[in-house]
Amino acid sequence: QGPQEYGPGGTDVNASGPKQSLCSNCGGSFNPISGLLGPEGFPLGVNPYKCSVCDKSFCQVAKLIAHERLHTGDWPYKCSFCGKSFNRSSDVSRHERIHTGEKPFKCTTCEKCFSQRSKLIVHERFHTGDKPHTCSYCGRSFHQRSDLVKHERIHTGEKPYKCSDCGGSFHRSSDLVKHKWIHTGERPYKCSTCEKSFRQRSALLYHERTHTGEKPYTCTACGKGFS
């Protein structure tokens with residue numbers, strides 16, 4: 001069986017009968033023709049299944065059961081390759097694709113394949129231009145929620161990633177990783193010509209122009225080039 005194809009917005013183009021769409025809340029599939037109803041027939045945004053331990057609620061019983069296992073520590077689904085445990089069967093199936101290399105979700109526009117349906121949905125937004133995640137502070141929109149979360153920290157000043165060596169705080173985990181190279185002395189970006197190394201990729205690109213002679217920046221007044 002070939003890769004499963006989904007159209008923009010996560011619509012299953014191979015499904016027989018009415019096309020299936022994805023619930024933006026839980027990821028479950030449902031028939032959009034039935035109106036604004038989620039996978040179990042409740043109006044979208046209504047989460048009737050409440051956790052008995054915390055205040056979280058869900059639109060599907062299966063989602064509630066999986067969530068409550070986080071409290072109980074019950075992880076009944078094990079990877080047949082490495083033995084890692086998961087609290088949902090869908091999670092172990094998704095994880096096992098790391099071992100098998102399977103990518104069953106195929107973009108109908110460029111035919112690129114993905115191991116997760118959620119990654120396909122985000123990818124297809126680059127084709128459609130859909131940016132559903134909007135900043136509540138400045139109105140800027142993003143393809144995926146994780147980019148919005150990172151962006152809004154600029155407005156809130158939140159810096160959740162802290163350096164264990166000096167206590168410095170950062171908006172993004174990637175910034176913390178790069179900062180730690182100052183403490184460790186790591187320089188992961190190496191010049192392919194002279195093997196000199198750098199902490200930042202931008203510094204490597206600037207350095208490599210000393211070998212290539214490239215001068216991409218030109219003065220508009222005199223035409224002189226600069227690296």
# chains A, B, ... in the order shown; residues from 1 in each chain; ligands from 1
>>> select_by_dssp(residues="segment 66-190 of chain A", states="helix (DSSP H, G or I)", output="PyMOL selection string")
chain A and resi 66-72+89-100+117-128+145-156+173-184
>>> select_by_dssp(residues="segment 18-206 of chain A", states="strand (DSSP E)", output="list in words")
Ser21, Leu22, Ser29, Phe30, Tyr49, Lys50, Ser57, Phe58, Tyr77, Lys78, Ser85, Phe86, Phe105, Lys106, Cys107, Cys113, Phe114, His133, Thr134, Ser141, Phe142, Tyr161, Lys162, Ser169, Phe170, Tyr189, Lys190, Ser197 and Phe198 of chain A
>>> write_last_selection(atoms="N, CA and C atoms", output="PDB file, in the first residue's frame")
ATOM      1  N   SER A  21     -11.771  15.353   7.578  1.00  0.00           N
ATOM      2  CA  SER A  21     -10.882  16.426   8.008  1.00  0.00           C
ATOM      3  C   SER A  21     -10.384  16.125   9.410  1.00  0.00           C
ATOM      4  N   LEU A  22      -9.426  16.932   9.877  1.00  0.00           N
ATOM      5  CA  LEU A  22      -8.814  16.705  11.182  1.00  0.00           C
ATOM      6  C   LEU A  22      -9.279  17.738  12.187  1.00  0.00           C
ATOM      7  N   SER A  29     -10.089  12.480  13.165  1.00  0.00           N
ATOM      8  CA  SER A  29     -10.721  12.766  11.882  1.00  0.00           C
ATOM      9  C   SER A  29     -12.239  12.814  12.032  1.00  0.00           C
ATOM     10  N   PHE A  30     -12.882  13.614  11.192  1.00  0.00           N
ATOM     11  CA  PHE A  30     -14.336  13.727  11.218  1.00  0.00           C
ATOM     12  C   PHE A  30     -14.822  14.205   9.865  1.00  0.00           C
ATOM     13  N   TYR A  49     -15.034  15.447  28.222  1.00  0.00           N
ATOM     14  CA  TYR A  49     -14.385  14.407  29.014  1.00  0.00           C
ATOM     15  C   TYR A  49     -13.275  15.019  29.864  1.00  0.00           C
ATOM     16  N   LYS A  50     -13.514  15.055  31.190  1.00  0.00           N
ATOM     17  CA  LYS A  50     -12.616  15.769  32.102  1.00  0.00           C
ATOM     18  C   LYS A  50     -11.747  14.812  32.909  1.00  0.00           C
ATOM     19  N   SER A  57      -9.433  18.840  29.924  1.00  0.00           N
ATOM     20  CA  SER A  57     -10.591  18.157  29.357  1.00  0.00           C
ATOM     21  C   SER A  57     -10.343  17.868  27.884  1.00  0.00           C
ATOM     22  N   PHE A  58     -11.097  16.904  27.340  1.00  0.00           N
ATOM     23  CA  PHE A  58     -10.830  16.400  25.997  1.00  0.00           C
ATOM     24  C   PHE A  58     -12.128  16.155  25.240  1.00  0.00           C
ATOM     25  N   TYR A  77       2.229   0.363  25.890  1.00  0.00           N
ATOM     26  CA  TYR A  77       2.610   0.066  24.504  1.00  0.00           C
ATOM     27  C   TYR A  77       4.127   0.184  24.327  1.00  0.00           C
ATOM     28  N   LYS A  78       4.765  -0.937  23.941  1.00  0.00           N
ATOM     29  CA  LYS A  78       6.226  -0.972  23.822  1.00  0.00           C
ATOM     30  C   LYS A  78       6.664  -1.097  22.369  1.00  0.00           C
ATOM     31  N   SER A  85       8.643   2.622  25.913  1.00  0.00           N
ATOM     32  CA  SER A  85       7.220   2.508  26.239  1.00  0.00           C
ATOM     33  C   SER A  85       6.459   3.792  25.948  1.00  0.00           C
ATOM     34  N   PHE A  86       5.179   3.643  25.616  1.00  0.00           N
ATOM     35  CA  PHE A  86       4.303   4.768  25.294  1.00  0.00           C
ATOM     36  C   PHE A  86       2.935   4.546  25.914  1.00  0.00           C
ATOM     37  N   PHE A 105       2.544   9.403   4.761  1.00  0.00           N
ATOM     38  CA  PHE A 105       1.704  10.565   4.474  1.00  0.00           C
ATOM     39  C   PHE A 105       2.337  11.404   3.370  1.00  0.00           C
ATOM     40  N   LYS A 106       1.632  11.473   2.241  1.00  0.00           N
ATOM     41  CA  LYS A 106       2.199  12.064   1.022  1.00  0.00           C
ATOM     42  C   LYS A 106       1.496  13.364   0.647  1.00  0.00           C
ATOM     43  N   CYS A 107       2.286  14.393   0.357  1.00  0.00           N
ATOM     44  CA  CYS A 107       1.751  15.680  -0.089  1.00  0.00           C
ATOM     45  C   CYS A 107       1.240  15.540  -1.517  1.00  0.00           C
ATOM     46  N   CYS A 113       6.986  13.010   1.201  1.00  0.00           N
ATOM     47  CA  CYS A 113       6.342  12.113   2.163  1.00  0.00           C
ATOM     48  C   CYS A 113       6.836  12.374   3.585  1.00  0.00           C
ATOM     49  N   PHE A 114       5.957  12.064   4.546  1.00  0.00           N
ATOM     50  CA  PHE A 114       6.244  12.341   5.952  1.00  0.00           C
ATOM     51  C   PHE A 114       5.865  11.147   6.815  1.00  0.00           C
ATOM     52  N   HIS A 133      -2.016  30.449  12.838  1.00  0.00           N
ATOM     53  CA  HIS A 133      -1.617  30.810  14.202  1.00  0.00           C
ATOM     54  C   HIS A 133      -1.179  32.275  14.237  1.00  0.00           C
ATOM     55  N   THR A 134      -2.005  33.118  14.875  1.00  0.00           N
ATOM     56  CA  THR A 134      -1.806  34.571  14.844  1.00  0.00           C
ATOM     57  C   THR A 134      -1.380  35.107  16.203  1.00  0.00           C
ATOM     58  N   SER A 141       1.265  36.272  11.611  1.00  0.00           N
ATOM     59  CA  SER A 141       0.750  34.905  11.544  1.00  0.00           C
ATOM     60  C   SER A 141       1.846  33.908  11.187  1.00  0.00           C
ATOM     61  N   PHE A 142       1.613  32.643  11.592  1.00  0.00           N
ATOM     62  CA  PHE A 142       2.620  31.603  11.411  1.00  0.00           C
ATOM     63  C   PHE A 142       1.978  30.312  10.926  1.00  0.00           C
ATOM     64  N   TYR A 161      14.504  29.101  28.835  1.00  0.00           N
ATOM     65  CA  TYR A 161      15.662  28.210  28.733  1.00  0.00           C
ATOM     66  C   TYR A 161      16.870  28.825  29.443  1.00  0.00           C
ATOM     67  N   LYS A 162      17.288  28.201  30.538  1.00  0.00           N
ATOM     68  CA  LYS A 162      18.345  28.754  31.387  1.00  0.00           C
ATOM     69  C   LYS A 162      19.636  27.940  31.287  1.00  0.00           C
ATOM     70  N   SER A 169      19.491  33.405  30.458  1.00  0.00           N
ATOM     71  CA  SER A 169      18.194  32.917  29.986  1.00  0.00           C
ATOM     72  C   SER A 169      17.991  33.260  28.514  1.00  0.00           C
ATOM     73  N   PHE A 170      17.188  32.417  27.835  1.00  0.00           N
ATOM     74  CA  PHE A 170      17.011  32.575  26.397  1.00  0.00           C
ATOM     75  C   PHE A 170      15.573  32.279  25.988  1.00  0.00           C
ATOM     76  N   TYR A 189      31.064  24.526  13.451  1.00  0.00           N
ATOM     77  CA  TYR A 189      31.063  24.919  12.038  1.00  0.00           C
ATOM     78  C   TYR A 189      32.502  25.010  11.535  1.00  0.00           C
ATOM     79  N   LYS A 190      32.893  24.062  10.673  1.00  0.00           N
ATOM     80  CA  LYS A 190      34.281  23.957  10.227  1.00  0.00           C
ATOM     81  C   LYS A 190      34.423  24.351   8.762  1.00  0.00           C
ATOM     82  N   SER A 197      37.518  26.501  12.661  1.00  0.00           N
ATOM     83  CA  SER A 197      36.155  26.249  13.139  1.00  0.00           C
ATOM     84  C   SER A 197      35.583  27.470  13.855  1.00  0.00           C
ATOM     85  N   PHE A 198      34.230  27.497  13.895  1.00  0.00           N
ATOM     86  CA  PHE A 198      33.516  28.652  14.436  1.00  0.00           C
ATOM     87  C   PHE A 198      32.308  28.190  15.238  1.00  0.00           C
TER      88      PHE A 198
END
>>> residues_around(residues="Phe81 of chain A", least_positions_apart="3", cutoff="9 Å", atoms="only C-alpha atoms", output="compact mmCIF listing (two decimals) with C-alpha atoms, in the first residue's frame")
# COMPACT_ATOMS: atom_id res chain seq x y z
CA LYS A 78 6.23 -0.97 23.82
CA LYS A 84 10.67 2.17 24.63
CA GLU A 96 8.41 2.78 15.15
CA HIS A 99 13.21 2.49 12.95
>>> residues_around(residues="Thr210 of chain A", least_positions_apart="4", cutoff="9 Å", atoms="only C-alpha atoms", output="VMD selection string")
chain A and resid 206 214 227
>>> atom_distance(atom1="atom CA of Gly225 of chain A", atom2="atom CA of Ser192 of chain A")
23.8 Å
>>> atom_distance(atom1="atom CA of Asn47 of chain A", atom2="atom CA of His67 of chain A")
13.4 Å
>>> atom_distance(atom1="atom CA of Arg172 of chain A", atom2="atom CA of Val122 of chain A")
20.1 Å
>>> residues_around(residues="segment 175-179 of chain A", least_positions_apart="3", cutoff="12 Å", atoms="only C-alpha atoms", output="PyMOL selection string")
chain A and resi 150+159-172+182-189+198-201
>>> decode(residues="segment 131-156 of chain A", atoms="N, CA and C atoms", output="short mmCIF file (atom, residue, chain, number, x, y, z; two decimals), in the first residue's frame")
data_model
loop_
_atom_site.label_atom_id
_atom_site.label_comp_id
_atom_site.auth_asym_id
_atom_site.auth_seq_id
_atom_site.Cartn_x
_atom_site.Cartn_y
_atom_site.Cartn_z
N LYS A 131 -1.69 30.45 7.23
CA LYS A 131 -0.98 30.72 8.49
C LYS A 131 -2.02 30.91 9.59
N PRO A 132 -2.50 29.80 10.17
CA PRO A 132 -3.63 29.88 11.10
C PRO A 132 -3.29 30.35 12.51
N HIS A 133 -2.02 30.45 12.84
CA HIS A 133 -1.62 30.81 14.20
C HIS A 133 -1.18 32.28 14.24
N THR A 134 -2.00 33.12 14.88
CA THR A 134 -1.81 34.57 14.84
C THR A 134 -1.38 35.11 16.20
N CYS A 135 -0.38 35.98 16.20
CA CYS A 135 0.12 36.60 17.43
C CYS A 135 -0.94 37.55 17.99
N SER A 136 -1.25 37.38 19.27
CA SER A 136 -2.27 38.21 19.92
C SER A 136 -1.75 39.61 20.23
N TYR A 137 -0.45 39.83 20.05
CA TYR A 137 0.14 41.14 20.35
C TYR A 137 0.29 42.01 19.10
N CYS A 138 0.80 41.43 18.01
CA CYS A 138 1.08 42.24 16.82
C CYS A 138 0.35 41.78 15.57
N GLY A 139 -0.34 40.64 15.63
CA GLY A 139 -1.12 40.18 14.48
C GLY A 139 -0.34 39.38 13.45
N ARG A 140 0.94 39.18 13.66
CA ARG A 140 1.74 38.39 12.72
C ARG A 140 1.28 36.93 12.78
N SER A 141 1.27 36.27 11.61
CA SER A 141 0.75 34.91 11.54
C SER A 141 1.85 33.91 11.19
N PHE A 142 1.61 32.64 11.59
CA PHE A 142 2.62 31.60 11.41
C PHE A 142 1.98 30.31 10.93
N HIS A 143 2.79 29.49 10.24
CA HIS A 143 2.31 28.20 9.73
C HIS A 143 2.06 27.21 10.87
N GLN A 144 2.90 27.21 11.89
CA GLN A 144 2.76 26.25 12.97
C GLN A 144 2.79 26.93 14.34
N ARG A 145 2.13 26.29 15.29
CA ARG A 145 1.94 26.89 16.61
C ARG A 145 3.27 27.08 17.33
N SER A 146 4.21 26.16 17.15
CA SER A 146 5.49 26.27 17.85
C SER A 146 6.22 27.56 17.47
N ASP A 147 6.08 27.99 16.21
CA ASP A 147 6.71 29.25 15.78
C ASP A 147 6.03 30.45 16.44
N LEU A 148 4.71 30.35 16.60
CA LEU A 148 3.97 31.43 17.28
C LEU A 148 4.41 31.54 18.74
N VAL A 149 4.54 30.40 19.42
CA VAL A 149 4.95 30.40 20.83
C VAL A 149 6.31 31.07 20.99
N LYS A 150 7.25 30.72 20.11
CA LYS A 150 8.59 31.33 20.17
C LYS A 150 8.51 32.84 19.92
N HIS A 151 7.69 33.23 18.94
CA HIS A 151 7.58 34.64 18.58
C HIS A 151 6.99 35.46 19.72
N GLU A 152 5.94 34.95 20.38
CA GLU A 152 5.27 35.74 21.42
C GLU A 152 6.17 35.99 22.63
N ARG A 153 7.22 35.20 22.78
CA ARG A 153 8.17 35.45 23.87
C ARG A 153 8.91 36.77 23.67
N ILE A 154 8.98 37.24 22.43
CA ILE A 154 9.59 38.55 22.16
C ILE A 154 8.75 39.64 22.83
N HIS A 155 7.42 39.47 22.78
CA HIS A 155 6.51 40.45 23.38
C HIS A 155 6.46 40.31 24.90
N THR A 156 6.42 39.07 25.39
CA THR A 156 6.25 38.85 26.83
C THR A 156 7.56 38.94 27.61
#
